[in-house]
Each structure stands twice: as C-alpha cells, then as structure tokens.
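Heads up, the thing below is written out as structure tokens.
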Amino acid sequence: MKNLSLFIIGLLIGALAVYFFCCMNDTVPIEEELIKPNGLITPSEAKTLDQAFNTRHALISDSIVKRPDNRSSWYALEDMRNYLNYAEKQAKDLGYTMDGVRVYLGAYPDVKDQVGYTTMFFIPTGYQITSEDGTAISKTAIQKGGDISDGDGLNMGDNGIPPGANYPQ
C-alpha cells in the first residue's frame, strides 16, 4: 500500500512537472533573431525622396489626372504576410524559387470622365528551378530573379489620406 501511494504521488508530481515544462512554454513567446534588412532608410531620407517626387506628382496630378493623385498605398501586415506565403507557395508550384517582390506603379482604368488613380502593386520575382534534384543552377541563384509572370500580384492597398498627402501621413 505504501509503495502504491508513493507511486501515485510520483505520477502526480511527474505529470505536474511535464505540464509546467511543456505546456507553459507554449505561452511564452520565443523571440526570433532580429535581422536588419538591406535598404533601410531613415525618416530623413524618406522625406528627401518624397520631396524629390513632388515635381513628378504635380505633373501627373495637374496635367493628366486633373486632381491630387495617389502618392502612397497602405497594406495591412496580415495581408502582406499572407501574400508572401501565398506567392512563395504558388512560385514553387509553378517551378520557381521566389527571391523577392517587385513593386510596380500602375493606374486604375478611367471611369466616365474621371482618370483613374495611381496604384502600386507587387509581383513575385524568382528564378526557375532547372535541375532534376529540384535545385537551381548556381549561376542562376546568384542573379536576382525576374518577374514570375504566371504568379499572382498583390494590389488594392488603401490610398493615402488624402490621396496626394506627402510623407509622413
């Protein structure tokens, strides 16, 4: 009887230990290593780039669109993450290794007498998987990929408020 009691107490203590070590770790977020991406610019540099675009924006707005045109697009983080995951899977299914996205300027079609706003959209880029073992040729892997022309793009970001607003909004 004494051995049975010790056995049951041992099981309970073991179960509690497993619970606290295994299950409680799920509630503590594991911090990923933060990697500083290439191409970061300071807010000051962003303002300089934005101001340098003023003459082009005025030309488009005044001569073509005849109203303040879009200067920016806003995308939700969830949409961006979902798009990148979706595009990467689609690229793989199409026989490509996705290596980035390219941002294009576009314009919505004219509606009646109103010229469409400028928009920005993303297209996946990558290189075709060319070897039989599913990897790319090393020369190709060094180059930045071209557009994956059969890959879906991402558009429909929200306009700036107002559309012609400068950085920062």
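Naming scheme: A, B, ... for chains in displayed order of the structure tokens; residues 1 onward per chain; ligands 1 onward as shown.
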
Inset, instruction - For stretch 42-54 of chain A, please output as a list of chain:residue names all residues within 10 Å (counting only C-alpha atoms; exclusion window: fewer than 3 positions along the same chain). - result: A:Gly39, A:His57, A:Ala58, A:Leu59, A:Ile60, A:Arg71, A:Gly164, A:Asn166, A:Tyr167, A:Pro168

Compile the contact shell of stretch 141-158 of chain A as a short mmCIF file (atom, residue, chain, number, x, y, z; two decimals) with C-alpha atoms, in the first residue's frame: residues with an atom at most 8 Å away, counting only C-alpha atoms, same-chain residues fewer than 4 positions apart removed.
data_model
loop_
_atom_site.label_atom_id
_atom_site.label_comp_id
_atom_site.auth_asym_id
_atom_site.auth_seq_id
_atom_site.Cartn_x
_atom_site.Cartn_y
_atom_site.Cartn_z
CA SER A 73 -0.59 52.75 -50.77
CA TRP A 74 -1.18 51.12 -47.39
CA TYR A 75 -1.26 47.35 -46.86
CA TYR A 83 0.57 37.36 -49.72
CA ALA A 87 3.19 33.83 -53.57
CA GLN A 90 2.48 29.48 -55.86
CA ALA A 91 6.01 30.11 -57.20
CA LEU A 94 4.99 26.90 -60.90
CA TYR A 96 10.27 28.72 -59.35
CA MET A 98 10.79 33.06 -55.15
CA ASP A 99 13.51 35.51 -54.17
CA GLY A 100 11.60 38.76 -53.73
CA ARG A 102 8.92 43.91 -57.42
CA THR A 119 -1.75 52.44 -57.60
CA MET A 120 1.24 50.36 -56.54
CA PHE A 121 1.21 46.57 -56.87
CA PHE A 122 3.55 43.72 -56.02
CA ILE A 123 4.65 40.95 -58.38
CA PRO A 124 6.68 37.95 -57.16
CA THR A 125 10.17 37.51 -58.56
CA GLY A 126 12.36 34.45 -58.67
CA TYR A 127 14.26 32.01 -60.79
CA ALA A 136 18.55 25.88 -59.25
CA ILE A 137 21.75 26.16 -61.23
#

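The spacing separating atom CA of A:Arg56 from atom CA of A:Val101 amounts to 24.3 Å.
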
Legend entry - DSSP alpha helix (DSSP H) residues within stretch 86-122 of chain A, as a PyMOL selection string: chain A and resi 86-93

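Selecting strand (DSSP E) from the backbone DSSP output for stretch 46-163 of chain A yields Ser73, Trp74, Tyr96, Thr97, Met98, Asp99, Gly100, Val101, Arg102, Val103, Tyr104, Leu105, Gly106, Ala107, Thr118, Thr119, Met120, Phe121, Phe122, Ile123, Pro124, Thr125, Gly126, Tyr127, Gln128, Gly146, Asp147, Asp158 and Asn159 of chain A.
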